[in-house]
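Engineer: Questions regarding the structure given below will be posed in turn.
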Amino acid sequence: MSESPAAPVFLAARRTPGTGGPGIPGRAVAAGRPRPVARADLLICGVPWDTGSSFRRGPAAGPAAIREASWVLEEYSLAARRSLEELVVLDAGDCPVRAGDPDPEATAQSIAEWARGLVSAHLAPDGLMAALGGDHLATVPLVRAWRDLAVGGPPPCVLILDAHADLRHQYEGQTWSHACVTARLIEMLGPARVQAVGVRSATAEETDVARELGLAWSWRGVPEPVDIVRETDEALARLPADGPLYLSVDIDVCDPGAAPGVGAPEPGGVSALELIRAVRNVAYGAMGRLRAMDVVEVSPEHDAGGATATLAAKLVREAALARLSPWGIGRRG
Ligand SMILES: [Mn+2]
């Protein structure tokens with residue numbers, strides 16, 4: 001394994017012996033023959049899909065930017081007192097996605113099948129899949145993959161961190177829009193298995209729907225300071241206690257001052273530190289039940305200094321290591 005691969009891979013993945021480089025997860029070429037290696041504790045994949053953006057495009061370049069930004073970080077988390085070097089980390093590369101997608105439903109199905117195949121073949125039974133977006137619509141096929149993987153058992157629960165309610169049935173005539181993600185997930189899993197926190201932008205109609213659904217953000221005033229750690233606790237408490245947990249982080253839940261590289265900036269969000277604490281809180285609170293996460297809506301062309309991509313990479317590291325360790329969990333540690 002080279003220390004300088006042709007394309008960036010995520011942090012410790014570049015040092016995991018036998019991964020064979022990006023796009024060849026779980027296999028190494030030894031004496032010209034593939035050799036299977038251990039299943040991943042942390043399986044990284046990219047979904048450079050950007051069909052659902054309404055305001056400005058850009059998240060298709062997110063996965064590459066997040067991988068590249070990850071190189072500035074240590075494998076070691078000072079908060080968790082653990083290192084990614086303790087884990088088998090595989091980077092599976094990116095899902096093939098066509099630009100200018102004419103048929104989002106077909107693309108969604110192909111992303112779902114790709115993710116399901118990756119997880120089946122390469123993720124350890126207690127491992128974490130971390131998908132790098134892509135616009136927020138990528139979450140829909142990724143959750144579909146986990147629903148399909150859960151056949152015979154309880155379906156997944158989804159916890160969304162997002163500035164936007166995303167509860168519209170349609171936006172600008174499109175049901176496949178990043179403004180409709182929460183609505184699509186509720187259609188897939190039912191209202192009890194979906195929660196959203198950190199929301200500070202919604203229509204009056206979306207707010208009424210959110211109250212009926214009991215979404216954690218809907219009984220907080222806006223604009224009030226968001227205690228996003230407490231809000232994630234409340235959301236987790238309202239979700240059923242069975243099935244794998246899927247955490248979807250729309251990076252625009254963070255204030256645009258801290259995360260400027262987003263498609264739909266919404267002033268008045270949480271700080272980078274608050275978001276890190278919230279993600280660590282979810283990962284430690286759920287521990288092995290947290291099986292999948294994504295970080296979506298990173299738009300490198302608007303990302304001054306790479307702050308947003310670096311934050312996204314750090315969230316993945318912190319989630320993977322907070323699952324293992326009680327250190328540094330706000331009120332707990
Ligand atoms: Mn959003």
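Identifiers in the structure tokens: chain A, B, ... in order shown; residue index from 1 per chain; ligand index from 1 in order shown.
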Residues up to 8 Å from ligand 1, counting only C-alpha atoms and all ligand atoms: could you list those as a ChimeraX atom specification?
Structural biologist: /A:136,162-166,178-179,250-253,264,297
Engineer: Which residues are near Ala65 of chain A? Cut-off 10 Å, only C-alpha atoms, ignore same chain within fewer than 6 positions. Put them as a list in words.
Structural biologist: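 The contact residues come out as Pro8, Pro59, Leu132, Val298, Ser299, Pro300, Glu301, Asp303, Gly306, Thr308, Ala309, Thr310, Ala312 and Ala313 of chain A.
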Engineer: Looking only at the backbone, which of the residues in segment 93-128 of chain A does DSSP tag as strand (DSSP E), as a list in words?
Structural biologist: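 Strand (DSSP E) members of segment 93-128 of chain A, listed: Gly93, Asp94, Leu123, Ala124, Pro125, Asp126, Gly127 and Leu128 of chain A.
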Engineer: Please produce a file of those selected residues containing N, CA and C atoms, as a CSV table (one decimal), in the first residue's frame.
Structural biologist:
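Just written: out24.csv:
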chain,number,residue,atom,x,y,z
A,93,GLY,N,-14.1,3.8,-2.4
A,93,GLY,CA,-14.2,4.6,-3.5
A,93,GLY,C,-15.7,5.1,-3.7
A,94,ASP,N,-16.0,5.6,-4.9
A,94,ASP,CA,-17.3,6.3,-5.2
A,94,ASP,C,-18.2,5.4,-6.0
A,123,LEU,N,-18.5,-5.0,5.2
A,123,LEU,CA,-18.6,-4.4,6.6
A,123,LEU,C,-18.7,-5.5,7.7
A,124,ALA,N,-17.9,-5.3,8.7
A,124,ALA,CA,-18.0,-6.2,9.9
A,124,ALA,C,-19.4,-6.1,10.5
A,125,PRO,N,-19.8,-7.2,11.2
A,125,PRO,CA,-21.2,-7.2,11.7
A,125,PRO,C,-21.5,-6.1,12.7
A,126,ASP,N,-20.5,-5.6,13.3
A,126,ASP,CA,-20.7,-4.4,14.2
A,126,ASP,C,-20.0,-3.2,13.7
A,127,GLY,N,-19.7,-3.1,12.4
A,127,GLY,CA,-18.9,-2.0,11.8
A,127,GLY,C,-19.9,-0.9,11.5
A,128,LEU,N,-19.2,0.3,11.1
A,128,LEU,CA,-19.9,1.5,10.7
A,128,LEU,C,-19.7,1.8,9.3
Engineer: Can you tell me which residues surround segment 221-233 of chain A at a distance of at most 12 Å, considering only C-alpha atoms, apart from same-chain residues fewer than 2 positions away, and format the answer as a PyMOL selection string?
Structural biologist: chain A and resi 158-163+195-202+207+215-219+235-239+247+249+253-255+266-286+329-332
Engineer: Would you list the contacts of Leu149 of chain A as a list in words, taking every protein, DNA or RNA residue within 12 Å and counting only C-alpha atoms, but skipping same-chain residues closer than 4 positions in sequence?
Structural biologist: Ala112, Glu113, Ala115, Arg116, Gly117, Leu118, Val119, Ser120, Ala121, Pro125, Leu142, Val143, Arg144, Ala145, Gly153, Pro154, Pro155, Pro156, Gly243, Pro244, Arg291 and Ala292 of chain A
Engineer: Please list as a PyMOL selection string every residue within 12 Å of Thr107 of chain A, counting only C-alpha atoms and excluding residues in the same chain fewer than 3 positions away.
Structural biologist: chain A and resi 47-52+95-104+110-114+137-138+140-142+176
